$ cat query_8.cif   # mmCIF, C-alpha atoms
data_model
loop_
_atom_site.group_PDB
_atom_site.id
_atom_site.type_symbol
_atom_site.label_atom_id
_atom_site.label_comp_id
_atom_site.auth_asym_id
_atom_site.auth_seq_id
_atom_site.Cartn_x
_atom_site.Cartn_y
_atom_site.Cartn_z
ATOM 1 C CA MET E 1 102.701 -167.280 -45.888
ATOM 2 C CA ALA E 2 104.175 -170.738 -45.305
ATOM 3 C CA SER E 3 107.716 -169.447 -45.816
ATOM 4 C CA GLU E 4 107.113 -166.565 -43.386
ATOM 5 C CA THR E 5 105.891 -168.998 -40.744
ATOM 6 C CA LEU E 6 108.925 -171.224 -41.279
ATOM 7 C CA LEU E 7 111.222 -168.188 -40.955
ATOM 8 C CA ARG E 8 109.720 -167.264 -37.605
ATOM 9 C CA THR E 9 110.197 -170.762 -36.259
ATOM 10 C CA GLU E 10 113.853 -170.954 -37.330
ATOM 11 C CA ARG E 11 115.149 -167.721 -35.826
ATOM 12 C CA LEU E 12 114.685 -165.242 -33.019
ATOM 13 C CA GLU E 13 114.214 -161.637 -34.102
ATOM 14 C CA GLY E 14 114.966 -158.622 -31.947
ATOM 15 C CA ALA E 15 112.993 -155.391 -31.980
ATOM 16 C CA TRP E 16 113.599 -152.836 -34.719
ATOM 17 C CA VAL E 17 115.835 -150.014 -33.481
ATOM 18 C CA THR E 18 116.959 -146.752 -35.127
ATOM 19 C CA PRO E 19 120.494 -145.857 -33.971
ATOM 20 C CA HIS E 20 121.342 -142.154 -33.910
ATOM 21 C CA ASN E 21 124.630 -140.952 -35.398
ATOM 22 C CA ARG E 22 125.995 -138.809 -32.577
ATOM 23 C CA TRP E 23 129.476 -138.745 -34.116
ATOM 24 C CA GLN E 24 128.664 -136.349 -36.979
ATOM 25 C CA ALA E 25 130.953 -133.635 -35.637
ATOM 26 C CA GLY E 26 134.060 -135.822 -35.869
ATOM 27 C CA GLU E 27 136.789 -134.286 -38.009
ATOM 28 C CA ASN E 28 137.994 -136.445 -40.931
ATOM 29 C CA SER E 29 135.567 -139.121 -39.708
ATOM 30 C CA ILE E 30 133.564 -141.724 -41.616
ATOM 31 C CA HIS E 31 130.653 -140.737 -39.353
ATOM 32 C CA ASN E 32 130.630 -137.197 -40.792
ATOM 33 C CA ASP E 33 128.431 -136.776 -43.888
ATOM 34 C CA ALA E 34 130.888 -134.662 -45.872
ATOM 35 C CA THR E 35 133.897 -136.860 -45.164
ATOM 36 C CA ALA E 36 131.989 -140.091 -45.778
ATOM 37 C CA LYS E 37 130.719 -138.911 -49.154
ATOM 38 C CA LYS E 38 134.238 -137.911 -50.222
ATOM 39 C CA VAL E 39 135.344 -141.525 -49.854
ATOM 40 C CA GLY E 40 132.316 -142.961 -51.618
ATOM 41 C CA MET E 41 129.893 -143.700 -48.769
ATOM 42 C CA ARG E 42 126.193 -142.737 -48.775
ATOM 43 C CA GLY E 43 126.701 -140.483 -45.760
ATOM 44 C CA GLY E 44 128.004 -140.473 -42.200
ATOM 45 C CA THR E 45 127.864 -144.033 -40.938
ATOM 46 C CA ILE E 46 126.785 -145.631 -37.669
ATOM 47 C CA PRO E 47 129.821 -147.314 -36.008
ATOM 48 C CA GLY E 48 129.694 -151.080 -36.406
ATOM 49 C CA THR E 49 130.150 -151.567 -32.668
ATOM 50 C CA VAL E 50 126.782 -149.873 -32.033
ATOM 51 C CA HIS E 51 125.151 -152.951 -33.561
ATOM 52 C CA LEU E 52 126.671 -155.219 -30.909
ATOM 53 C CA SER E 53 124.216 -153.735 -28.421
ATOM 54 C CA HIS E 54 121.191 -154.987 -30.373
ATOM 55 C CA PHE E 55 121.998 -158.533 -29.270
ATOM 56 C CA ALA E 56 121.790 -157.878 -25.519
ATOM 57 C CA PRO E 57 117.998 -158.460 -25.197
ATOM 58 C CA LEU E 58 118.152 -161.673 -27.249
ATOM 59 C CA MET E 59 121.175 -162.917 -25.292
ATOM 60 C CA THR E 60 119.336 -162.305 -22.035
ATOM 61 C CA GLU E 61 116.229 -164.053 -23.386
ATOM 62 C CA LEU E 62 118.297 -167.070 -24.430
ATOM 63 C CA PHE E 63 120.872 -167.349 -21.661
ATOM 64 C CA GLY E 64 119.714 -165.194 -18.753
ATOM 65 C CA GLU E 65 122.605 -163.558 -16.896
ATOM 66 C CA ALA E 66 125.047 -166.305 -17.889
ATOM 67 C CA TRP E 67 126.159 -164.507 -21.076
ATOM 68 C CA LEU E 68 127.555 -161.647 -18.973
ATOM 69 C CA ARG E 69 129.831 -164.209 -17.300
ATOM 70 C CA GLN E 70 130.749 -166.447 -20.255
ATOM 71 C CA GLY E 71 129.250 -165.052 -23.425
ATOM 72 C CA GLN E 72 130.387 -164.136 -26.906
ATOM 73 C CA ILE E 73 129.266 -161.740 -29.625
ATOM 74 C CA SER E 74 131.269 -162.058 -32.844
ATOM 75 C CA MET E 75 130.367 -159.815 -35.799
ATOM 76 C CA PHE E 76 131.895 -159.033 -39.196
ATOM 77 C CA TYR E 77 130.468 -155.754 -40.502
ATOM 78 C CA THR E 78 129.187 -155.948 -44.078
ATOM 79 C CA PHE E 79 126.949 -152.909 -44.728
ATOM 80 C CA ALA E 80 127.151 -149.416 -43.234
ATOM 81 C CA THR E 81 123.893 -147.838 -42.056
ATOM 82 C CA LEU E 82 123.133 -144.148 -41.606
ATOM 83 C CA ASP E 83 121.445 -142.061 -38.929
ATOM 84 C CA GLY E 84 117.988 -143.354 -38.051
ATOM 85 C CA GLU E 85 117.968 -146.292 -40.446
ATOM 86 C CA PRO E 86 116.149 -149.220 -38.783
ATOM 87 C CA VAL E 87 117.978 -152.453 -38.015
ATOM 88 C CA ARG E 88 117.389 -155.497 -35.855
ATOM 89 C CA ALA E 89 119.403 -158.384 -34.454
ATOM 90 C CA VAL E 90 118.587 -161.936 -35.518
ATOM 91 C CA VAL E 91 119.784 -165.143 -33.841
ATOM 92 C CA GLU E 92 119.396 -168.719 -35.009
ATOM 93 C CA ARG E 93 116.825 -170.544 -32.879
ATOM 94 C CA PRO E 94 118.682 -173.135 -30.765
ATOM 95 C CA ALA E 95 117.813 -176.803 -30.716
ATOM 96 C CA GLU E 96 115.733 -178.122 -27.876
ATOM 97 C CA GLY E 97 117.658 -178.935 -24.711
ATOM 98 C CA PRO E 98 119.991 -177.195 -22.242
ATOM 99 C CA LEU E 99 121.642 -174.041 -23.572
ATOM 100 C CA GLU E 100 125.132 -174.869 -22.357
ATOM 101 C CA ASN E 101 128.271 -174.351 -24.470
ATOM 102 C CA VAL E 102 126.070 -173.271 -27.369
ATOM 103 C CA GLN E 103 127.102 -171.203 -30.389
ATOM 104 C CA LEU E 104 124.475 -169.805 -32.770
ATOM 105 C CA LEU E 105 124.550 -168.046 -36.118
ATOM 106 C CA ALA E 106 123.570 -164.393 -35.783
ATOM 107 C CA SER E 107 123.257 -161.242 -37.865
ATOM 108 C CA VAL E 108 121.986 -157.673 -38.008
ATOM 109 C CA GLU E 109 119.614 -156.822 -40.863
ATOM 110 C CA THR E 110 117.657 -153.950 -42.402
ATOM 111 C CA PRO E 111 113.935 -154.016 -43.302
ATOM 112 C CA GLY E 112 115.002 -154.383 -46.940
ATOM 113 C CA GLY E 113 116.944 -157.552 -46.158
ATOM 114 C CA LYS E 114 120.495 -156.181 -46.283
ATOM 115 C CA THR E 115 122.909 -157.858 -43.887
ATOM 116 C CA VAL E 116 124.601 -155.182 -41.776
ATOM 117 C CA ALA E 117 126.717 -157.642 -39.772
ATOM 118 C CA LYS E 118 127.099 -161.416 -39.693
ATOM 119 C CA GLY E 119 128.666 -163.853 -37.278
ATOM 120 C CA THR E 120 127.867 -165.804 -34.131
ATOM 121 C CA VAL E 121 126.776 -165.447 -30.536
ATOM 122 C CA ALA E 122 127.514 -167.985 -27.830
ATOM 123 C CA CYS E 123 127.347 -168.802 -24.153
ATOM 124 C CA GLY E 124 129.630 -171.127 -22.237
ATOM 125 C CA ARG E 125 132.580 -172.717 -23.999
ATOM 126 C CA PRO E 126 131.511 -174.056 -27.411
ATOM 127 C CA ALA E 127 134.021 -176.242 -29.245
ATOM 128 C CA ALA E 128 134.245 -174.013 -32.329
ATOM 129 C CA PRO E 129 135.750 -170.522 -32.275
ATOM 130 C CA GLY E 130 133.536 -167.511 -32.850
ATOM 131 C CA TYR E 131 132.988 -166.333 -36.408
ATOM 132 C CA VAL E 132 135.607 -163.568 -36.274
ATOM 133 C CA ARG E 133 138.208 -165.588 -34.381
ATOM 134 C CA GLY E 134 137.807 -168.331 -36.966
ATOM 135 C CA LEU E 135 138.834 -166.067 -39.847
ATOM 136 C CA GLU E 136 142.298 -166.630 -41.292
ATOM 137 C CA LEU E 137 144.566 -163.594 -40.880
ATOM 138 C CA THR E 138 147.080 -162.888 -43.623
ATOM 139 C CA ASP E 139 149.677 -160.127 -43.406
ATOM 140 C CA ALA E 140 150.224 -158.031 -46.519
ATOM 141 C CA PRO E 141 153.776 -157.540 -47.841
ATOM 142 C CA ARG E 142 155.192 -154.402 -46.262
ATOM 143 C CA SER E 143 155.615 -152.951 -49.754
ATOM 144 C CA GLU E 144 151.788 -152.769 -49.951
ATOM 145 C CA ILE E 145 151.467 -150.892 -46.657
ATOM 146 C CA ARG E 146 151.591 -147.095 -46.641
ATOM 147 C CA ILE E 147 148.964 -145.859 -44.190
ATOM 148 C CA LEU E 148 149.864 -148.375 -41.485
ATOM 149 C CA GLN E 149 153.648 -148.267 -41.730
ATOM 150 C CA GLY E 150 153.824 -147.661 -37.978
ATOM 151 C CA MET E 151 151.900 -150.857 -37.214
ATOM 152 C CA THR E 152 153.515 -154.291 -37.230
ATOM 153 C CA PRO E 153 152.290 -157.623 -35.833
ATOM 154 C CA GLY E 154 153.254 -157.876 -32.185
ATOM 155 C CA LEU E 155 153.272 -154.118 -31.566
ATOM 156 C CA VAL E 156 151.874 -153.414 -28.082
ATOM 157 C CA THR E 157 149.378 -150.575 -28.343
ATOM 158 C CA VAL E 158 148.105 -150.535 -24.749
ATOM 159 C CA ASP E 159 149.643 -151.771 -21.491
ATOM 160 C CA ARG E 160 148.009 -150.215 -18.439
ATOM 161 C CA GLU E 161 147.971 -151.391 -14.836
ATOM 162 C CA GLY E 162 145.127 -150.162 -12.644
ATOM 163 C CA TYR E 163 142.871 -149.369 -15.594
ATOM 164 C CA GLU E 164 139.312 -148.640 -14.435
ATOM 165 C CA VAL E 165 136.326 -149.028 -16.716
ATOM 166 C CA LYS E 166 134.358 -145.788 -16.799
ATOM 167 C CA GLU E 167 131.664 -146.862 -19.224
ATOM 168 C CA ALA E 168 127.988 -146.880 -18.246
ATOM 169 C CA ALA E 169 127.085 -149.546 -15.692
ATOM 170 C CA ASP E 170 123.975 -150.651 -13.820
ATOM 171 C CA GLU E 171 123.334 -150.047 -10.120
ATOM 172 C CA ASP E 172 125.555 -153.025 -9.259
ATOM 173 C CA GLY E 173 128.438 -151.683 -11.313
ATOM 174 C CA VAL E 174 128.011 -154.252 -14.124
ATOM 175 C CA VAL E 175 128.681 -153.016 -17.659
ATOM 176 C CA ARG E 176 125.870 -154.734 -19.548
ATOM 177 C CA ASP E 177 125.935 -152.972 -22.916
ATOM 178 C CA PRO E 178 128.278 -154.750 -25.387
ATOM 179 C CA GLN E 179 129.084 -151.447 -27.084
ATOM 180 C CA GLN E 180 130.307 -150.088 -23.761
ATOM 181 C CA VAL E 181 132.399 -153.223 -23.242
ATOM 182 C CA TYR E 182 133.977 -152.547 -26.647
ATOM 183 C CA ARG E 183 134.849 -149.038 -25.474
ATOM 184 C CA ALA E 184 136.532 -150.475 -22.385
ATOM 185 C CA LEU E 185 138.579 -152.808 -24.617
ATOM 186 C CA GLN E 186 139.326 -150.207 -27.311
ATOM 187 C CA PRO E 187 142.790 -151.235 -28.543
ATOM 188 C CA TYR E 188 144.356 -147.908 -29.470
ATOM 189 C CA SER E 189 146.415 -145.568 -27.345
ATOM 190 C CA PRO E 190 147.263 -141.887 -27.913
ATOM 191 C CA GLY E 191 150.651 -142.926 -29.304
ATOM 192 C CA VAL E 192 149.133 -145.134 -32.002
ATOM 193 C CA THR E 193 147.365 -142.875 -34.464
ATOM 194 C CA VAL E 194 146.744 -142.821 -38.191
ATOM 195 C CA THR E 195 146.546 -139.396 -39.786
ATOM 196 C CA GLY E 196 145.377 -138.477 -43.255
ATOM 197 C CA ALA E 197 143.204 -141.581 -43.702
ATOM 198 C CA VAL E 198 139.546 -142.241 -42.916
ATOM 199 C CA GLY E 199 139.000 -145.294 -40.735
ATOM 200 C CA PHE E 200 136.006 -147.506 -40.041
ATOM 201 C CA PHE E 201 135.359 -150.711 -38.109
ATOM 202 C CA GLY E 202 135.513 -154.045 -39.935
ATOM 203 C CA ALA E 203 134.882 -156.714 -37.283
ATOM 204 C CA THR E 204 134.587 -157.217 -33.523
ATOM 205 C CA GLU E 205 134.476 -160.301 -31.320
ATOM 206 C CA ILE E 206 134.002 -159.880 -27.571
ATOM 207 C CA VAL E 207 134.354 -162.935 -25.324
ATOM 208 C CA TRP E 208 133.478 -162.730 -21.642
ATOM 209 C CA ARG E 209 135.814 -165.265 -19.982
ATOM 210 C CA ALA E 210 135.090 -164.633 -16.312
ATOM 211 C CA GLY E 211 132.680 -161.725 -16.333
ATOM 212 C CA PRO E 212 130.893 -159.617 -15.724
ATOM 213 C CA VAL E 213 132.888 -156.501 -16.537
ATOM 214 C CA ARG E 214 132.548 -153.996 -13.717
ATOM 215 C CA ALA E 215 133.043 -150.254 -13.587
ATOM 216 C CA ALA E 216 135.386 -148.676 -11.026
ATOM 217 C CA THR E 217 137.330 -151.943 -10.720
ATOM 218 C CA PRO E 218 141.074 -151.928 -11.406
ATOM 219 C CA TYR E 219 142.153 -154.173 -14.270
ATOM 220 C CA ARG E 220 145.292 -154.653 -16.278
ATOM 221 C CA LYS E 221 144.452 -153.667 -19.836
ATOM 222 C CA THR E 222 146.646 -154.826 -22.708
ATOM 223 C CA ALA E 223 146.293 -154.652 -26.478
ATOM 224 C CA ARG E 224 148.517 -155.501 -29.421
ATOM 225 C CA VAL E 225 148.498 -155.666 -33.201
ATOM 226 C CA VAL E 226 148.131 -159.232 -34.495
ATOM 227 C CA SER E 227 147.972 -158.693 -38.258
ATOM 228 C CA VAL E 228 148.251 -155.916 -40.846
ATOM 229 C CA GLY E 229 146.697 -156.457 -44.262
ATOM 230 C CA ALA E 230 145.498 -154.724 -47.400
ATOM 231 C CA SER E 231 142.682 -154.882 -49.923
ATOM 232 C CA PRO E 232 142.221 -152.920 -53.164
ATOM 233 C CA LYS E 233 140.419 -150.112 -51.300
ATOM 234 C CA THR E 234 141.757 -150.284 -47.729
ATOM 235 C CA GLU E 235 144.553 -151.136 -45.363
ATOM 236 C CA PHE E 236 143.487 -152.861 -42.158
ATOM 237 C CA ALA E 237 144.829 -153.965 -38.810
ATOM 238 C CA TRP E 238 143.657 -156.672 -36.439
ATOM 239 C CA PHE E 239 144.053 -156.155 -32.690
ATOM 240 C CA ASP E 240 143.693 -158.370 -29.618
ATOM 241 C CA SER E 241 142.897 -156.727 -26.283
ATOM 242 C CA GLU E 242 141.928 -157.954 -22.821
ATOM 243 C CA LEU E 243 141.187 -156.995 -19.238
ATOM 244 C CA ARG E 244 142.698 -159.054 -16.398
ATOM 245 C CA ASP E 245 141.829 -158.811 -12.728
ATOM 246 C CA ALA E 246 144.278 -158.443 -9.851
ATOM 247 C CA ALA E 247 144.823 -162.211 -9.766
ATOM 248 C CA GLY E 248 145.735 -162.263 -13.471
ATOM 249 C CA GLU E 249 142.531 -163.936 -14.674
ATOM 250 C CA VAL E 250 141.184 -162.804 -18.050
ATOM 251 C CA ILE E 251 137.789 -161.201 -17.448
ATOM 252 C CA VAL E 252 137.011 -160.263 -21.060
ATOM 253 C CA GLU E 253 138.894 -160.260 -24.342
ATOM 254 C CA MET E 254 138.356 -158.900 -27.821
ATOM 255 C CA ARG E 255 139.562 -159.359 -31.382
ATOM 256 C CA HIS E 256 138.858 -156.269 -33.461
ATOM 257 C CA MET E 257 139.625 -155.068 -36.976
ATOM 258 C CA THR E 258 139.711 -151.498 -38.263
ATOM 259 C CA ARG E 259 140.057 -150.505 -41.920
ATOM 260 C CA TRP E 260 141.513 -147.274 -43.317
ATOM 261 C CA MET E 261 140.460 -145.997 -46.738
ATOM 262 C CA LYS E 262 143.127 -145.550 -49.398
ATOM 263 C CA GLN E 263 140.874 -143.070 -51.184
ATOM 264 C CA GLY E 264 141.524 -139.592 -49.867
ATOM 265 C CA SER E 265 144.649 -140.570 -47.902
ATOM 266 C CA LYS E 266 147.871 -138.618 -48.438
ATOM 267 C CA GLN E 267 149.841 -141.861 -48.554
ATOM 268 C CA TRP E 268 147.901 -143.045 -51.604
ATOM 269 C CA ALA E 269 147.588 -139.668 -53.324
ATOM 270 C CA ASP E 270 149.613 -140.937 -56.286
#

$ encode --input "query_8.cif" --output "structure tokens"
Amino acid sequence: MASETLLRTERLEGAWVTPHNRWQAGENSIHNDATAKKVGMRGGTIPGTVHLSHFAPLMTELFGEAWLRQGQISMFYTFATLDGEPVRAVVERPAEGPLENVQLLASVETPGGKTVAKGTVACGRPAAPGYVRGLELTDAPRSEIRILQGMTPGLVTVDREGYEVKEAADEDGVVRDPQQVYRALQPYSPGVTVTGAVGFFGATEIVWRAGPVRAATPYRKTARVVSVGASPKTEFAWFDSELRDAAGEVIVEMRHMTRWMKQGSKQWAD
């Protein structure tokens, strides 16, 4: 009992939620049960970016509306959940005093104690980078890259003037859901595709620089590859993307990593 009381005093816990996998119909998708099981997963997975949304109530409780102007959610995905499996967001309880330029440890967990995602949340301009931005990026030798041969560091994947965010917004046009902000910053374009390999999200850091993000507002959207790497089971690419307003100010930016499974890919069939 004493340890449970101590736990409650040291962290803030969000409500349990049960995300629904509405991507089951995707062809050759990690979210589809049949495809996921072929590459060794338990079943069709919930996208990692869905879990970003679980932090919104805690961020509002901690920082009010300020996090929509200068906030950060930085998560490295560590365990894939399935349709309807309960999860909750957890944030380190801040020290007493003004919550300005504060960064806090954060995670998403299951009732059984598995860590679904780990990282940081912040508001203002803390001195340290977010968890994901602080990770060292190492490019793999090109001889180890088969699936992502078309991706090289520096490759521009999106460059659009007059891009308008169409994701769900409130009555004032503010896009409040972090998952929807991810969708606005999604770093791929139709010309940058990977066929014959099953992909899944590895990490996402969203930083609101001069928010909020607003729907039906023209931005310049850019994205590029910053690193291409490999592990025994996957190849992966890191991307940076951002939205700038008409004056050139960065409104929001993102660092994101996607992995592609070697198992089941044509490029690694041998």

$ residues_around --input "query_8.cif" --residues "Thr152 in chain E" --least-positions-apart "4" --cutoff "10 Å" --atoms "all atoms listed in the file" --output "ChimeraX atom specification"
/E:139,142,148,156,224-228,237

$ resolve_selection --input "query_8.cif" --expression "the PyMOL selection byres ((chain E and resi 167) around 8)" --output "count of residues only"
10

$ residues_around --input "query_8.cif" --residues "range 103-107 of chain E" --least-positions-apart "2" --cutoff "10 Å" --atoms "only C-alpha atoms" --output "VMD selection string"
chain E and resid 11 to 13 51 to 52 54 to 55 71 to 77 88 to 95 99 to 101 109 115 to 131

$ resolve_selection --input "query_8.cif" --expression "the PyMOL selection byres ((chain E and resi 220) around 8)" --output "MDAnalysis selection string"
chainID E and resid 159:163 218:219 221:222 243:246

$ resolve_selection --input "query_8.cif" --expression "the PyMOL selection byres ((chain E and resi 20) around 12)" --output "NGL selection string"
:E and (17-19 or 21-24 or 31 or 44-47 or 50-51 or 81-87)

$ write_last_selection --input "query_8.cif" --atoms "C-alpha atoms" --output "PDB file, keeping the file's coordinate frame"
ATOM      1  CA  VAL E  17     115.835-150.014 -33.481  1.00  0.00           C
ATOM      2  CA  THR E  18     116.959-146.752 -35.127  1.00  0.00           C
ATOM      3  CA  PRO E  19     120.494-145.857 -33.971  1.00  0.00           C
ATOM      4  CA  ASN E  21     124.630-140.952 -35.398  1.00  0.00           C
ATOM      5  CA  ARG E  22     125.995-138.809 -32.577  1.00  0.00           C
ATOM      6  CA  TRP E  23     129.476-138.745 -34.116  1.00  0.00           C
ATOM      7  CA  GLN E  24     128.664-136.349 -36.979  1.00  0.00           C
ATOM      8  CA  HIS E  31     130.653-140.737 -39.353  1.00  0.00           C
ATOM      9  CA  GLY E  44     128.004-140.473 -42.200  1.00  0.00           C
ATOM     10  CA  THR E  45     127.864-144.033 -40.938  1.00  0.00           C
ATOM     11  CA  ILE E  46     126.785-145.631 -37.669  1.00  0.00           C
ATOM     12  CA  PRO E  47     129.821-147.314 -36.008  1.00  0.00           C
ATOM     13  CA  VAL E  50     126.782-149.873 -32.033  1.00  0.00           C
ATOM     14  CA  HIS E  51     125.151-152.951 -33.561  1.00  0.00           C
ATOM     15  CA  THR E  81     123.893-147.838 -42.056  1.00  0.00           C
ATOM     16  CA  LEU E  82     123.133-144.148 -41.606  1.00  0.00           C
ATOM     17  CA  ASP E  83     121.445-142.061 -38.929  1.00  0.00           C
ATOM     18  CA  GLY E  84     117.988-143.354 -38.051  1.00  0.00           C
ATOM     19  CA  GLU E  85     117.968-146.292 -40.446  1.00  0.00           C
ATOM     20  CA  PRO E  86     116.149-149.220 -38.783  1.00  0.00           C
ATOM     21  CA  VAL E  87     117.978-152.453 -38.015  1.00  0.00           C
TER      22      VAL E  87
END

$ atom_distance --input "query_8.cif" --atom1 "CA of Thr204 in chain E" --atom2 "CA of Thr78 in chain E"
11.9 Å

$ atom_distance --input "query_8.cif" --atom1 "CA of Ser53 in chain E" --atom2 "CA of Gln179 in chain E"
5.5 Å

$ atom_distance --input "query_8.cif" --atom1 "CA of Phe79 in chain E" --atom2 "CA of Glu253 in chain E"
24.7 Å

$ closest_residue --input "query_8.cif" --among "E:Ala25, E:Ile206, E:Ala56, E:Ala216" --to "Asp172 in chain E" --atoms "all atoms listed in the file"
E:Ala216

$ build_atoms --input "query_8.cif" --residues "range 154-178 of chain E" --atoms "N, CA and C atoms" --output "CSV table (one decimal), keeping the file's coordinate frame"
chain,number,residue,atom,x,y,z
E,154,GLY,N,152.5,-157.8,-33.4
E,154,GLY,CA,153.3,-157.9,-32.2
E,154,GLY,C,153.4,-156.5,-31.5
E,155,LEU,N,153.2,-155.4,-32.2
E,155,LEU,CA,153.3,-154.1,-31.6
E,155,LEU,C,152.3,-154.0,-30.4
E,156,VAL,N,152.7,-153.6,-29.2
E,156,VAL,CA,151.9,-153.4,-28.1
E,156,VAL,C,151.3,-152.0,-28.2
E,157,THR,N,150.0,-151.9,-28.2
E,157,THR,CA,149.4,-150.6,-28.3
E,157,THR,C,148.8,-150.0,-27.0
E,158,VAL,N,148.6,-150.9,-26.1
E,158,VAL,CA,148.1,-150.5,-24.7
E,158,VAL,C,148.7,-151.5,-23.7
E,159,ASP,N,149.2,-151.0,-22.6
E,159,ASP,CA,149.6,-151.8,-21.5
E,159,ASP,C,149.5,-150.9,-20.2
E,160,ARG,N,148.3,-151.1,-19.6
E,160,ARG,CA,148.0,-150.2,-18.4
E,160,ARG,C,147.6,-151.0,-17.2
E,161,GLU,N,148.3,-150.8,-16.1
E,161,GLU,CA,148.0,-151.4,-14.8
E,161,GLU,C,147.0,-150.4,-14.1
E,162,GLY,N,146.1,-151.0,-13.4
E,162,GLY,CA,145.1,-150.2,-12.6
E,162,GLY,C,144.1,-149.4,-13.5
E,163,TYR,N,143.9,-150.0,-14.7
E,163,TYR,CA,142.9,-149.4,-15.6
E,163,TYR,C,141.5,-149.6,-15.0
E,164,GLU,N,140.7,-148.5,-14.9
E,164,GLU,CA,139.3,-148.6,-14.4
E,164,GLU,C,138.3,-148.3,-15.5
E,165,VAL,N,137.4,-149.2,-15.7
E,165,VAL,CA,136.3,-149.0,-16.7
E,165,VAL,C,135.4,-147.9,-16.3
E,166,LYS,N,135.2,-146.9,-17.1
E,166,LYS,CA,134.4,-145.8,-16.8
E,166,LYS,C,133.1,-145.8,-17.6
E,167,GLU,N,132.9,-146.8,-18.4
E,167,GLU,CA,131.7,-146.9,-19.2
E,167,GLU,C,130.4,-147.1,-18.4
E,168,ALA,N,129.3,-146.8,-19.0
E,168,ALA,CA,128.0,-146.9,-18.2
E,168,ALA,C,127.7,-148.3,-17.7
E,169,ALA,N,127.3,-148.3,-16.4
E,169,ALA,CA,127.1,-149.5,-15.7
E,169,ALA,C,125.7,-149.5,-15.0
E,170,ASP,N,125.2,-150.7,-14.6
E,170,ASP,CA,124.0,-150.7,-13.8
E,170,ASP,C,124.2,-150.3,-12.3
E,171,GLU,N,123.2,-150.4,-11.5
E,171,GLU,CA,123.3,-150.0,-10.1
E,171,GLU,C,124.3,-150.9,-9.4
E,172,ASP,N,124.6,-152.1,-9.9
E,172,ASP,CA,125.6,-153.0,-9.3
E,172,ASP,C,127.0,-152.9,-9.8
E,173,GLY,N,127.1,-151.9,-10.7
E,173,GLY,CA,128.4,-151.7,-11.3
E,173,GLY,C,128.8,-152.6,-12.5
E,174,VAL,N,127.8,-153.4,-13.0
E,174,VAL,CA,128.0,-154.3,-14.1
E,174,VAL,C,127.8,-153.5,-15.4
E,175,VAL,N,128.8,-153.6,-16.3
E,175,VAL,CA,128.7,-153.0,-17.7
E,175,VAL,C,128.0,-154.0,-18.5
E,176,ARG,N,126.7,-153.8,-18.9
E,176,ARG,CA,125.9,-154.7,-19.5
E,176,ARG,C,125.8,-154.5,-21.1
E,177,ASP,N,126.1,-153.3,-21.5
E,177,ASP,CA,125.9,-153.0,-22.9
E,177,ASP,C,127.2,-153.4,-23.7
E,178,PRO,N,127.1,-154.3,-24.7
E,178,PRO,CA,128.3,-154.8,-25.4
E,178,PRO,C,129.1,-153.6,-26.1
